file protein-v9.txt (compact mmCIF, C-alpha atoms)
# COMPACT_ATOMS: atom_id res chain seq x y z
CA MET A 30 12.92 -16.30 60.38
CA ASN A 31 15.67 -13.78 61.31
CA ILE A 32 16.45 -10.66 59.29
CA SER A 33 19.84 -11.93 58.04
CA LYS A 34 18.31 -15.10 56.60
CA LEU A 35 15.49 -13.08 54.94
CA ARG A 36 18.03 -10.74 53.34
CA PHE A 37 19.99 -13.73 52.07
CA LEU A 38 16.90 -15.25 50.48
CA LEU A 39 15.89 -11.93 48.85
CA LEU A 40 19.41 -11.46 47.50
CA GLY A 41 19.37 -14.97 46.08
CA ALA A 42 16.02 -14.37 44.37
CA SER A 43 17.33 -11.13 42.87
CA VAL A 44 20.39 -12.88 41.48
CA ILE A 45 18.23 -15.61 39.92
CA SER A 46 15.86 -13.03 38.39
CA LEU A 47 18.79 -11.06 36.98
CA GLY A 48 20.22 -14.26 35.52
CA VAL A 49 16.91 -15.07 33.83
CA VAL A 50 16.70 -11.57 32.35
CA LEU A 51 20.29 -11.63 31.09
CA GLY A 52 19.85 -15.15 29.72
CA THR A 53 16.69 -14.19 27.85
CA PHE A 54 18.42 -11.10 26.44
CA LEU A 55 21.40 -13.10 25.20
CA TRP A 56 19.10 -15.77 23.67
CA LEU A 57 17.12 -13.15 21.81
CA LYS A 58 20.31 -11.44 20.69
CA LEU A 59 22.15 -14.52 19.47
CA MET A 60 19.31 -16.70 18.15
CA PRO A 61 18.99 -17.00 14.32
CA THR A 62 16.64 -14.48 12.74
CA VAL A 63 13.44 -16.16 11.57
CA VAL A 64 11.44 -14.50 8.79
CA TYR A 65 7.76 -15.38 8.91
CA ARG A 66 5.87 -15.34 5.63
CA ASP A 67 2.12 -15.17 5.30
CA LEU A 68 1.50 -18.33 3.30
CA SER A 69 -2.10 -17.27 2.68
CA GLU A 70 -0.94 -14.26 0.68
CA ASN A 71 -1.44 -14.82 -3.03
CA SER A 72 1.59 -13.74 -5.02
CA LEU A 73 -0.61 -12.85 -7.98
CA GLU A 74 -2.39 -10.03 -6.18
CA GLY A 75 -1.29 -6.43 -6.67
CA MET A 76 -0.20 -4.41 -9.71
CA LYS A 77 3.21 -5.66 -10.84
CA HIS A 78 4.61 -7.08 -14.08
CA TYR A 79 3.64 -10.61 -15.11
CA GLY A 80 4.89 -10.73 -18.68
CA SER A 81 3.18 -9.77 -21.92
CA VAL A 82 0.05 -11.08 -23.61
CA PRO A 83 1.12 -13.09 -26.69
CA ASP A 84 -0.31 -12.26 -30.08
CA PHE A 85 -3.62 -13.84 -31.01
CA SER A 86 -6.20 -13.76 -33.77
CA LEU A 87 -9.72 -14.60 -32.61
CA VAL A 88 -13.29 -13.98 -33.72
CA GLU A 89 -15.41 -11.35 -32.01
CA ARG A 90 -19.17 -11.82 -31.49
CA SER A 91 -19.72 -9.52 -34.46
CA GLY A 92 -17.89 -12.04 -36.66
CA LYS A 93 -14.90 -9.72 -37.08
CA LYS A 94 -11.36 -11.06 -36.73
CA THR A 95 -9.70 -9.43 -33.74
CA SER A 96 -5.99 -9.44 -32.87
CA LEU A 97 -3.84 -8.17 -30.03
CA ALA A 98 -2.71 -5.25 -32.16
CA GLU A 99 -6.19 -3.72 -31.94
CA LEU A 100 -5.90 -3.53 -28.15
CA ARG A 101 -2.43 -2.02 -28.08
CA GLY A 102 -2.54 1.51 -26.70
CA LYS A 103 -5.58 0.73 -24.54
CA VAL A 104 -5.90 -0.28 -20.91
CA TRP A 105 -8.00 -3.43 -20.78
CA ILE A 106 -9.56 -5.90 -18.37
CA ALA A 107 -9.84 -9.54 -19.42
CA ASP A 108 -11.90 -12.35 -18.01
CA PHE A 109 -12.58 -15.96 -19.00
CA ILE A 110 -16.12 -17.27 -19.24
CA TYR A 111 -18.44 -19.57 -21.15
CA THR A 112 -22.10 -19.02 -21.81
CA ASN A 113 -23.35 -22.32 -20.33
CA CYS A 114 -21.57 -21.63 -17.04
CA THR A 115 -23.89 -21.39 -14.03
CA ASP A 116 -21.19 -20.85 -11.41
CA THR A 117 -18.90 -17.79 -11.45
CA CYS A 118 -19.40 -16.66 -15.06
CA PRO A 119 -22.71 -14.80 -14.63
CA LEU A 120 -21.28 -13.01 -11.59
CA GLN A 121 -18.07 -12.16 -13.41
CA THR A 122 -19.98 -10.80 -16.37
CA ALA A 123 -22.27 -8.78 -14.10
CA ASP A 124 -19.18 -7.25 -12.47
CA MET A 125 -17.77 -6.47 -15.91
CA ALA A 126 -21.03 -4.70 -16.72
CA LYS A 127 -20.56 -2.57 -13.59
CA LEU A 128 -17.02 -1.71 -14.67
CA GLN A 129 -18.37 -0.75 -18.10
CA GLU A 130 -20.88 1.56 -16.43
CA GLN A 131 -18.29 3.09 -14.10
CA TRP A 132 -16.03 4.06 -17.00
CA ILE A 133 -18.74 4.60 -19.58
CA ASN A 134 -17.08 7.79 -20.84
CA GLU A 135 -13.50 6.45 -20.76
CA SER A 136 -12.56 5.60 -24.34
CA ASP A 137 -9.11 4.30 -23.32
CA LEU A 138 -10.55 1.36 -21.37
CA GLU A 139 -11.61 -1.87 -23.08
CA LEU A 140 -13.24 -4.99 -21.64
CA VAL A 141 -12.42 -8.37 -23.17
CA SER A 142 -14.20 -11.65 -22.37
CA PHE A 143 -12.58 -14.80 -23.73
CA SER A 144 -14.73 -17.90 -24.11
CA VAL A 145 -13.11 -21.05 -22.73
CA ASP A 146 -15.75 -23.12 -24.54
CA PRO A 147 -15.17 -22.05 -28.14
CA GLU A 148 -16.80 -25.14 -29.64
CA ARG A 149 -20.22 -24.13 -28.30
CA ASP A 150 -19.70 -20.38 -27.94
CA THR A 151 -20.09 -19.28 -31.53
CA PRO A 152 -20.21 -15.57 -32.35
CA ARG A 153 -24.01 -15.76 -32.45
CA VAL A 154 -24.20 -17.41 -29.02
CA LEU A 155 -21.77 -14.87 -27.57
CA SER A 156 -23.76 -12.02 -29.08
CA GLN A 157 -26.94 -13.21 -27.38
CA TYR A 158 -25.07 -13.61 -24.10
CA ALA A 159 -23.55 -10.13 -24.38
CA ASP A 160 -26.96 -8.58 -25.03
CA ARG A 161 -28.22 -9.98 -21.71
CA PHE A 162 -25.64 -7.83 -19.93
CA LYS A 163 -26.01 -4.77 -22.19
CA ALA A 164 -22.41 -5.05 -23.30
CA SER A 165 -21.26 -2.21 -25.53
CA ALA A 166 -20.34 -3.44 -28.99
CA LYS A 167 -17.60 -0.79 -29.17
CA ARG A 168 -15.88 -1.25 -25.82
CA TRP A 169 -16.57 -4.80 -24.68
CA LEU A 170 -15.27 -7.64 -26.83
CA PHE A 171 -16.43 -11.25 -26.62
CA LEU A 172 -13.86 -13.48 -28.31
CA THR A 173 -13.94 -17.08 -29.49
CA GLY A 174 -11.83 -19.14 -31.88
CA GLY A 175 -9.98 -22.40 -32.23
CA LYS A 176 -9.91 -24.57 -29.12
CA GLU A 177 -6.14 -25.10 -29.20
CA GLU A 178 -5.41 -21.39 -29.63
CA ILE A 179 -7.77 -20.45 -26.77
CA THR A 180 -6.24 -23.07 -24.48
CA ARG A 181 -2.70 -21.97 -25.30
CA LEU A 182 -3.58 -18.31 -24.83
CA VAL A 183 -5.21 -18.87 -21.43
CA GLN A 184 -2.64 -21.29 -20.05
CA GLU A 185 0.62 -20.04 -21.57
CA GLY A 186 -0.26 -16.41 -22.24
CA PHE A 187 -2.29 -15.44 -19.19
CA ARG A 188 -0.89 -18.28 -17.01
CA LEU A 189 -4.34 -19.36 -15.87
CA ALA A 190 -6.20 -22.67 -15.88
CA ALA A 191 -9.08 -23.81 -18.06
CA ALA A 192 -10.02 -27.45 -18.62
CA PRO A 193 -13.11 -29.68 -18.67
CA ALA A 194 -14.09 -30.95 -15.23
CA PRO A 195 -12.73 -34.52 -14.92
CA ASN A 196 -15.84 -35.91 -13.22
CA SER A 197 -18.48 -34.07 -15.23
CA ASN A 198 -21.19 -35.98 -17.07
CA ASN A 199 -20.95 -36.16 -20.83
CA GLY A 200 -23.80 -33.74 -21.35
CA ASP A 201 -23.16 -31.01 -18.79
CA GLY A 202 -19.97 -29.60 -20.33
CA VAL A 203 -18.64 -28.14 -17.08
CA ILE A 204 -15.33 -26.33 -17.58
CA LEU A 205 -13.05 -25.51 -14.68
CA HIS A 206 -11.47 -22.10 -15.19
CA SER A 207 -10.04 -19.18 -13.30
CA PRO A 208 -12.49 -16.61 -11.88
CA ARG A 209 -9.85 -13.89 -11.99
CA PHE A 210 -9.90 -10.60 -13.83
CA VAL A 211 -6.64 -9.69 -15.54
CA LEU A 212 -5.48 -6.10 -15.97
CA VAL A 213 -3.41 -5.32 -19.07
CA ASP A 214 -1.66 -2.01 -19.77
CA ARG A 215 -1.22 -0.02 -22.98
CA GLN A 216 1.88 -2.02 -23.94
CA THR A 217 -0.08 -5.31 -23.57
CA LYS A 218 1.79 -6.20 -20.38
CA ILE A 219 -0.09 -8.05 -17.65
CA ARG A 220 -0.15 -5.85 -14.55
CA GLY A 221 -2.47 -7.62 -12.11
CA TYR A 222 -4.73 -10.55 -11.27
CA TYR A 223 -7.89 -10.03 -9.19
CA ASP A 224 -10.21 -12.66 -7.76
CA SER A 225 -13.72 -11.71 -8.93
CA ARG A 226 -15.19 -13.32 -5.79
CA ASN A 227 -13.27 -11.01 -3.46
CA PRO A 228 -14.70 -7.48 -2.93
CA GLU A 229 -11.30 -6.20 -1.76
CA ALA A 230 -9.66 -7.52 -4.92
CA LEU A 231 -12.26 -5.69 -7.02
CA LYS A 232 -11.47 -2.47 -5.15
CA ARG A 233 -7.79 -2.93 -5.96
CA LEU A 234 -8.70 -3.56 -9.59
CA LYS A 235 -10.60 -0.28 -9.80
CA ASN A 236 -7.75 1.62 -8.18
CA ASP A 237 -5.20 0.04 -10.52
CA VAL A 238 -7.33 0.76 -13.58
CA ALA A 239 -7.50 4.43 -12.55
CA THR A 240 -3.72 4.49 -12.13
CA LEU A 241 -3.06 3.02 -15.57
CA LEU A 242 -5.57 5.33 -17.25
CA LYS A 243 -3.63 8.33 -15.94
CA ASP A 244 -0.49 7.02 -17.61
CA LYS A 245 -0.88 8.00 -21.25
CA GLU A 246 2.41 6.48 -22.41
call {"tool": "encode", "arguments": {"input": "protein-v9.txt", "output": "structure tokens"}}
result
Amino acid sequence: MNISKLRFLLLGASVISLGVVLGTFLWLKLMPTVVYRDLSENSLEGMKHYGSVPDFSLVERSGKKTSLAELRGKVWIADFIYTNCTDTCPLQTADMAKLQEQWINESDLELVSFSVDPERDTPRVLSQYADRFKASAKRWLFLTGGKEEITRLVQEGFRLAAAPAPNSNNGDGVILHSPRFVLVDRQTKIRGYYDSRNPEALKRLKNDVATLLKDKE
């Protein structure tokens, strides 16, 4: 192959390469912008504003009537359990006990466990359950009440699910419910949802609790 022909071939290759580069540049420049969203990200996670907890009047394990007004001015963590639960409830309650211990000297923090099985979870039953986890009678409430009010509060107030399992046997009483903790501020506004099965979510919960406790307003 002579030198002139080699130079011609090299020049042609250079022109083609330049064309590819310029074409790629123009394609990237003119193509529509695509925004990729992480569909696995749960929009409930993180401390934001998710509305306010509606008023309620329920019965505490002590037998005392308890309303939302008694929690106003406090930072509180709510969860939803039932005493016959053998799935997430014991783990949730154990985690609540750890939160109680972590903030044992913090009078502005309350813990509130709502029973999603109020027909079986009487105040006496809840009291026995609370004693198993050394729940403070002053700072950790266990609430029960009318089934309709509990269902409305969980579903419409906290925007979470709670319903009997459709395929459960008549005697087992399995109730499907959310395993999330809910963080509520001093104005009874919902500020965050945290999956109790996720260690990272529990870390965020602790950080968010600390943030809200610093805010005295």
call {"tool": "closest_residue", "arguments": {"input": "protein-v9.txt", "among": "A:Asp137, A:Asp244, A:Asp124, A:Glu99", "to": "A:Lys232", "atoms": "all atoms listed in the file"}}
result
A:Asp124
call {"tool": "closest_residue", "arguments": {"input": "protein-v9.txt", "among": "A:Leu182, A:Ala190, A:Ile219, A:Met125", "to": "A:Lys163", "atoms": "only C-alpha atoms"}}
result
A:Met125
call {"tool": "atom_distance", "arguments": {"input": "protein-v9.txt", "atom1": "atom CA of A:Val213", "atom2": "atom CA of A:Thr115"}}
result
26.5 Å
call {"tool": "closest_residue", "arguments": {"input": "protein-v9.txt", "among": "A:Leu242, A:Ile179, A:Val154, A:Val145", "to": "A:Cys118", "atoms": "only C-alpha atoms"}}
result
A:Val145
call {"tool": "atom_distance", "arguments": {"input": "protein-v9.txt", "atom1": "atom CA of A:Pro152", "atom2": "atom CA of A:Leu87"}}
result
10.5 Å
call {"tool": "atom_distance", "arguments": {"input": "protein-v9.txt", "atom1": "atom CA of A:Tyr222", "atom2": "atom CA of A:Ala191"}}
result
15.5 Å
call {"tool": "closest_residue", "arguments": {"input": "protein-v9.txt", "among": "A:Glu130, A:Asp224, A:Glu229, A:Glu89", "to": "A:Asp108", "atoms": "only C-alpha atoms"}}
result
A:Asp224
call {"tool": "residues_around", "arguments": {"input": "protein-v9.txt", "residues": "A:Tyr158", "least_positions_apart": "4", "cutoff": "10 Å", "atoms": "all atoms listed in the file", "output": "ChimeraX atom specification"}}
result
/A:90,111-113,119,122,150,152-154,162-164,171
call {"tool": "closest_residue", "arguments": {"input": "protein-v9.txt", "among": "A:Thr117, A:Thr240, A:Ser165, A:Gln157", "to": "A:His206", "atoms": "only C-alpha atoms"}}
result
A:Thr117
call {"tool": "closest_residue", "arguments": {"input": "protein-v9.txt", "among": "A:Trp132, A:Ala107, A:Val88, A:Arg101", "to": "A:Tyr223", "atoms": "all atoms listed in the file"}}
result
A:Ala107
call {"tool": "decode", "arguments": {"input": "protein-v9.txt", "residues": "stretch 117-147 of chain A", "atoms": "N, CA and C atoms", "output": "compact mmCIF listing (two decimals), in the first residue's frame"}}
result
# COMPACT_ATOMS: atom_id res chain seq x y z
N THR A 117 -45.16 -9.26 64.13
CA THR A 117 -44.34 -8.05 64.36
C THR A 117 -44.60 -7.40 65.72
N CYS A 118 -45.76 -7.63 66.31
CA CYS A 118 -46.12 -6.90 67.54
C CYS A 118 -45.12 -7.05 68.69
N PRO A 119 -44.70 -8.27 69.02
CA PRO A 119 -43.73 -8.39 70.12
C PRO A 119 -42.42 -7.65 69.82
N LEU A 120 -42.00 -7.66 68.55
CA LEU A 120 -40.78 -6.95 68.18
C LEU A 120 -40.99 -5.44 68.26
N GLN A 121 -42.14 -4.97 67.78
CA GLN A 121 -42.45 -3.55 67.89
C GLN A 121 -42.45 -3.10 69.34
N THR A 122 -43.10 -3.87 70.18
CA THR A 122 -43.21 -3.48 71.59
C THR A 122 -41.85 -3.53 72.27
N ALA A 123 -41.02 -4.49 71.90
CA ALA A 123 -39.66 -4.55 72.45
C ALA A 123 -38.86 -3.32 72.03
N ASP A 124 -39.05 -2.87 70.78
CA ASP A 124 -38.36 -1.66 70.32
C ASP A 124 -38.89 -0.43 71.05
N MET A 125 -40.19 -0.41 71.32
CA MET A 125 -40.75 0.71 72.09
C MET A 125 -40.15 0.73 73.49
N ALA A 126 -39.94 -0.45 74.07
CA ALA A 126 -39.33 -0.52 75.40
C ALA A 126 -37.92 0.05 75.37
N LYS A 127 -37.19 -0.18 74.28
CA LYS A 127 -35.84 0.38 74.14
C LYS A 127 -35.90 1.90 74.02
N LEU A 128 -36.90 2.40 73.29
CA LEU A 128 -37.06 3.85 73.17
C LEU A 128 -37.39 4.45 74.53
N GLN A 129 -38.24 3.76 75.30
CA GLN A 129 -38.56 4.22 76.65
C GLN A 129 -37.30 4.31 77.49
N GLU A 130 -36.44 3.32 77.39
CA GLU A 130 -35.21 3.30 78.17
C GLU A 130 -34.25 4.40 77.72
N GLN A 131 -34.18 4.63 76.41
CA GLN A 131 -33.26 5.65 75.89
C GLN A 131 -33.63 7.03 76.39
N TRP A 132 -34.94 7.31 76.47
CA TRP A 132 -35.38 8.64 76.91
C TRP A 132 -36.08 8.56 78.26
N ILE A 133 -35.52 7.77 79.14
CA ILE A 133 -36.16 7.52 80.43
C ILE A 133 -36.33 8.79 81.25
N ASN A 134 -35.45 9.77 81.05
CA ASN A 134 -35.52 11.01 81.82
C ASN A 134 -36.13 12.16 81.03
N GLU A 135 -36.70 11.86 79.86
CA GLU A 135 -37.28 12.90 79.01
C GLU A 135 -38.80 12.94 79.22
N SER A 136 -39.25 13.89 80.01
CA SER A 136 -40.68 13.96 80.35
C SER A 136 -41.54 14.45 79.20
N ASP A 137 -40.93 15.03 78.16
CA ASP A 137 -41.70 15.55 77.03
C ASP A 137 -41.99 14.50 75.97
N LEU A 138 -41.52 13.29 76.17
CA LEU A 138 -41.75 12.22 75.19
C LEU A 138 -42.74 11.19 75.76
N GLU A 139 -43.76 10.89 74.96
CA GLU A 139 -44.74 9.87 75.34
C GLU A 139 -44.72 8.74 74.30
N LEU A 140 -45.05 7.55 74.74
CA LEU A 140 -45.21 6.41 73.85
C LEU A 140 -46.68 5.98 73.91
N VAL A 141 -47.26 5.69 72.75
CA VAL A 141 -48.68 5.35 72.71
C VAL A 141 -48.89 4.13 71.82
N SER A 142 -49.39 3.04 72.40
CA SER A 142 -49.69 1.83 71.65
C SER A 142 -51.20 1.68 71.53
N PHE A 143 -51.68 1.65 70.30
CA PHE A 143 -53.10 1.49 70.04
C PHE A 143 -53.39 0.02 69.71
N SER A 144 -54.36 -0.56 70.36
CA SER A 144 -54.75 -1.93 70.04
C SER A 144 -55.65 -1.94 68.81
N VAL A 145 -55.32 -2.79 67.83
CA VAL A 145 -56.18 -2.93 66.65
C VAL A 145 -57.13 -4.13 66.82
N ASP A 146 -57.16 -4.66 68.04
CA ASP A 146 -58.07 -5.76 68.37
C ASP A 146 -58.81 -5.41 69.66
N PRO A 147 -59.57 -4.32 69.64
CA PRO A 147 -60.17 -3.82 70.88
C PRO A 147 -61.18 -4.76 71.51
